[in-house]
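Novice: Have a look at this one before I ask anything.
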Amino acid sequence: MKKKHIYLILTTLAIVTVLFVIAGLVFKKEENEKQQGLTNQYDVSTQGTIAYVTHFKGKPQLKLYNPTLSVEEKVLELSNDEQILDPTYSYNGNMLAFIVAKKNQEEDSTSSIQLLDLKSQKISELFKADFLITELDFTKSGRSLFYIGAGSFKNYSPITGPRPHDLDIYEFDIEKKESTQLTSFKKYGLSSLNVTTDGKAAYYQTDDDADAKTADEIFETHQRIFKVKFDQTGIETVTDSKRDVDIFDFTITPDEKTMIFQSISNEQSGSTYIYELYSYDLKTKTEKQLTHLQEYTDRPVISSDTKTVYFMVDKKFGKSDPQYHLYKVGIDGDNPEEILLPN
Amino acid sequence: MKTAFERYVKKIVNQTDCTKEEKEDMFEELLLHLELSRDDLIKQGKTPKEAEKMALILFGDEWEIGSQIQQAIFPYRKELMLTLSIVSILFTFSVYALQLFQEGDAYIGWLLFSILTSATLLSLTLNLLVSINRKIMVNTVLVTHALVYIYGWGIASALDFTLFPLFSLIMAAILLLSLYLIYKTALVLPGYSGKNLKKAKLLHIFNITLGILILSVTLFFLYAFLIFSSEVQPFMLLFFIPTVLWISLYILQIKLLKKKPTASNICAVLQVLLVLAIIFTMMILYR
């Protein structure tokens with residue numbers, strides 16, 4: 001091949017490359033702009049209204065949907081550097097609390113807890129915390145809001161990135177506008193806060209690491225569900241302490257008789273984990289697999305009449321960014337069906 | 001100042017991916033051939049100038065001859081290198097464009113690196129970079145190319161899952177072709193013969209296989225650390241100590257092979273000890 005032709009090929013290659021570089025600079029999106037569509041943050045009110053968080057070009061939007069009551073509205077949109085977490089209805093469904101935090105929690109780990117009054121449709125800031133708040137839960141009276149707070153957000157090892165830890169349970173008295181720290185766990189992981197109707201105890205999920213001292217013992221620990229009484233009388237393991245497979249997210253009926261939890265159904269298979277929901281009878285200590293979708297099911301919510309379980313399914317789990325779909329199923333595992341939420 | 005014969009022969013020799021010594025041998029051989037042809041022509045009654053010109057014409061086009069010699073040393077090298085360059089360039093543009101328009105990520109650094117290595121391969125194949133077209137250079141570019149595309153594999157893995165098997169297939173083809181060319185380039189040894197040739201081939205196979213092993217383990221550990229760490233940290237450079245040791249011992253073995261074979265063997269034993277040390281350290285870390 002003549003040198004002239006080779007130079008022509010290389011020049012064309014260089015021009016195409018430069019064009020791609022320019023396209024890259026023009027069309028690339030910042031991390032904050034990338035999120036799109038439904039998140040797994042939602043709750044269902046006593047009236048059956050679903051409050052859920054979606055993203056549009058990275059901007060978080062809080063929306064309400066109830067086809068029976070003809071409710072379909074966007075109640076809040078924030079800038080793309082913020083996120084809306086854990087929308088939580090009060091027991092009577094008149095109030096909706098949620099967390100507003102920065103997406104870049106390393107730079108700014110403060111949290112703002114906001115309250116939407118569903119009658120007046122007004123949003124107000126309940127309180128602000130200079131640490132990260134990860135979850136909320138109301139007591140039945142609606143006078144207190146319980147939350148999980150992360151005492152620190154930093155690297156716990158020189159080779160890892162910053163994560164929230166020193167997690168504990170707090171109570172915010174809505175009338176007195178005062179926060180009280182109820183536990184001194186300083187946990188690395190603490191989630192699925194479910195406060196009892198009287199507000200005197202809470203169920204939560206964490207590592208069963210009370211007796212773990214050595215690295216091997218810590219490695220062998222399992223994630224289980226516990227109950228703590230705030231009068232300092234003790235912590236009890238609620239689920240089977242001999243269960244080999246970890247339990248992750250869960251929810252509990254107000255009468256504290258049935259629990260719905262998320263666990264892995266194929267731990268020994270060696271393939272991508274499948275997460276299903278299980279129902280657990282606290283009295284008989286028996287469990288039953290509730291879903292058989294062979295997907296990643298997440299964040300169960302039980303309806304106020306305890307007949308229906310809502311949950312999210314990530315259709316792209318283990319493949320790419322999450323793609324959530326909301327489903328519901330009867331408390332006995334009957335008739336799972338998808339609920340199509342407006343974008 | 002170089003004679004017309006020397007300039008002519010140099011152009012031919014530079015088109016082959018031989019070592020410096022191999023090129024020197026070939027240079028001498030071709031020059032002698034041309035001089036004999038010129039002397040014959042003088043005997044036939046031509047003036048020295050006419051004879052020189054005629055000898056060059058009779059020998060043929062230098063680019064054509066260089067290409068034919070290279071083809072004889074390493075059949076289909078040109079076709080394989082061309083395939084590798086073109087497939088790599090198309091892979092890079094496809095993955096870059098999909099990442100940009102599907103995910104909003106612009107991997108400009110990777111784009112520039114991968115196009116640079118692919119274009120260098122293309123230039124080497126088309127004999128544009130004749131002055132650096134040496135075995136060690138070709139293999140350095142091939143190794144760099146393979147590493148850049150392993151990183152590209154990671155970028156492709158973040159794409160829509162339905163496309164990933166296709167990209168994996170192309171990526172596997174790029175890697176296998178690169179590996180084949182690395183082995184094949186190293187094993188073309190025109191400067192060796194008999195027992196020495198066999199030994200040199202064994203030495204290259206041993207070293208390249210060891211290199212792949214050491215690099216794979218290094219990259220695995222680096223990847224594992226990067227999963228947990230939020231940023232690249234200077235201490236991670238320590239992971240490359242075995243690679244640097246391997247390269248140094250490889251060069252030493254080749255340099256010593258002809259003149260001091262025992263010293264060359266000692267270097268090979270040291271390399272085996274290096275691998276055993278790595279395995280031992282890994283076992284301790286695992287425990």
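As shown in the structure tokens, the chain order sets the letters A, B, ...; within each chain, residues go from 1, and ligands are also counted from 1 in the order they appear.
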Using only C-alpha atoms, determine which residues of chain B fall within 9 Å of chain A; present them as a PyMOL selection string.
Specialist: chain B and resi 89+93+96-97+100-101+103-108+111-112+115+119+122-123+126-128+157-161+225-231+233
Novice: Give me the residues within 9 Å of Ile274 in chain A as a VMD selection string, counting only C-alpha atoms and dropping any in the same chain fewer than 2 places off.
Specialist: chain A and resid 263 to 267 271 to 272 276 293 to 297
Novice: Would you kindly return, as a list in words, each protein, DNA or RNA residue with an atom no farther than 9 Å from any atom of range 204-214 of chain A, considering only C-alpha atoms and excluding same-chain residues fewer than 5 positions away?
Specialist: Lys187, Tyr188, Gly189, Leu190, Ser191, Ser192, Leu193, Asn194, Val195, Phe219, Glu220, Thr221, His222, Gln223, Arg224, Ile225, Phe226, Lys227, Val228, Thr237, Ser241, Asp246, Ile247, Phe248, Asp249 and Phe250 of chain A
Novice: Kindly export the residues of the current selection with N, CA and C atoms, as a compact mmCIF listing (two decimals), in the first residue's frame.
Specialist:
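Output saved as result-v4.txt:
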```txt
# COMPACT_ATOMS: atom_id res chain seq x y z
N LYS A 187 -23.63 0.57 65.21
CA LYS A 187 -23.58 -0.54 64.24
C LYS A 187 -23.01 -0.09 62.89
N TYR A 188 -22.35 -1.04 62.21
CA TYR A 188 -21.91 -0.78 60.83
C TYR A 188 -23.10 -0.89 59.88
N GLY A 189 -24.03 -1.76 60.23
CA GLY A 189 -25.21 -1.94 59.40
C GLY A 189 -26.44 -2.05 60.28
N LEU A 190 -27.47 -1.25 59.97
CA LEU A 190 -28.72 -1.28 60.73
C LEU A 190 -29.81 -0.77 59.78
N SER A 191 -30.83 -1.59 59.58
CA SER A 191 -31.84 -1.14 58.61
C SER A 191 -33.21 -1.74 58.93
N SER A 192 -34.18 -1.39 58.08
CA SER A 192 -35.57 -1.87 58.19
C SER A 192 -36.16 -1.56 59.57
N LEU A 193 -36.15 -0.31 59.90
CA LEU A 193 -36.69 0.09 61.21
C LEU A 193 -38.22 -0.06 61.22
N ASN A 194 -38.72 -0.85 62.15
CA ASN A 194 -40.17 -1.04 62.32
C ASN A 194 -40.50 -0.83 63.79
N VAL A 195 -41.03 0.32 64.11
CA VAL A 195 -41.33 0.63 65.51
C VAL A 195 -42.70 0.04 65.87
N PHE A 219 -16.69 -12.95 60.26
CA PHE A 219 -16.96 -13.37 58.88
C PHE A 219 -18.11 -14.38 58.82
N GLU A 220 -18.25 -15.16 59.90
CA GLU A 220 -19.29 -16.20 59.95
C GLU A 220 -20.65 -15.68 60.39
N THR A 221 -20.75 -14.40 60.76
CA THR A 221 -22.03 -13.90 61.29
C THR A 221 -23.09 -13.82 60.18
N HIS A 222 -24.35 -13.83 60.61
CA HIS A 222 -25.47 -13.73 59.67
C HIS A 222 -26.31 -12.52 59.99
N GLN A 223 -27.00 -12.04 58.97
CA GLN A 223 -27.89 -10.90 59.19
C GLN A 223 -29.26 -11.44 59.57
N ARG A 224 -29.76 -10.93 60.69
CA ARG A 224 -31.04 -11.43 61.21
C ARG A 224 -31.90 -10.25 61.67
N ILE A 225 -33.09 -10.60 62.17
CA ILE A 225 -33.99 -9.54 62.67
C ILE A 225 -34.01 -9.58 64.20
N PHE A 226 -33.94 -8.40 64.79
CA PHE A 226 -33.89 -8.28 66.25
C PHE A 226 -35.00 -7.35 66.72
N LYS A 227 -35.25 -7.44 68.02
CA LYS A 227 -36.20 -6.51 68.63
C LYS A 227 -35.51 -5.88 69.84
N VAL A 228 -35.57 -4.56 69.91
CA VAL A 228 -34.99 -3.89 71.07
C VAL A 228 -36.11 -3.15 71.81
N THR A 237 -33.34 -11.89 69.53
CA THR A 237 -33.32 -12.27 68.12
C THR A 237 -34.71 -12.78 67.79
N SER A 241 -32.42 -18.19 64.95
CA SER A 241 -30.99 -17.87 65.12
C SER A 241 -30.09 -18.92 64.49
N ASP A 246 -28.78 -15.35 55.15
CA ASP A 246 -29.04 -14.02 55.71
C ASP A 246 -30.46 -13.53 55.41
N ILE A 247 -30.93 -12.71 56.32
CA ILE A 247 -32.22 -12.03 56.12
C ILE A 247 -31.90 -10.56 55.92
N PHE A 248 -32.52 -9.95 54.94
CA PHE A 248 -32.20 -8.55 54.67
C PHE A 248 -33.37 -7.65 55.06
N ASP A 249 -34.00 -7.05 54.06
CA ASP A 249 -35.08 -6.11 54.34
C ASP A 249 -36.30 -6.86 54.89
N PHE A 250 -37.11 -6.18 55.72
CA PHE A 250 -38.33 -6.83 56.21
C PHE A 250 -39.35 -5.79 56.65
```
Novice: Which value, in Å to one decimal, gives the distance between CA of Ile302 in chain A and CA of Thr239 in chain A?
Specialist: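 If I compute the distance from CA of Ile302 in chain A to CA of Thr239 in chain A, I get 18.3 Å.
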Novice: Give me the residues within 12 Å of Val244 in chain B as a list in words, counting only C-alpha atoms and dropping any in the same chain fewer than 5 places off.
Specialist: Gly211, Ile214, Leu215, Thr218, Leu237, Leu238, Phe239, Leu249, Tyr250, Ile251, Gln271 and Leu274 of chain B
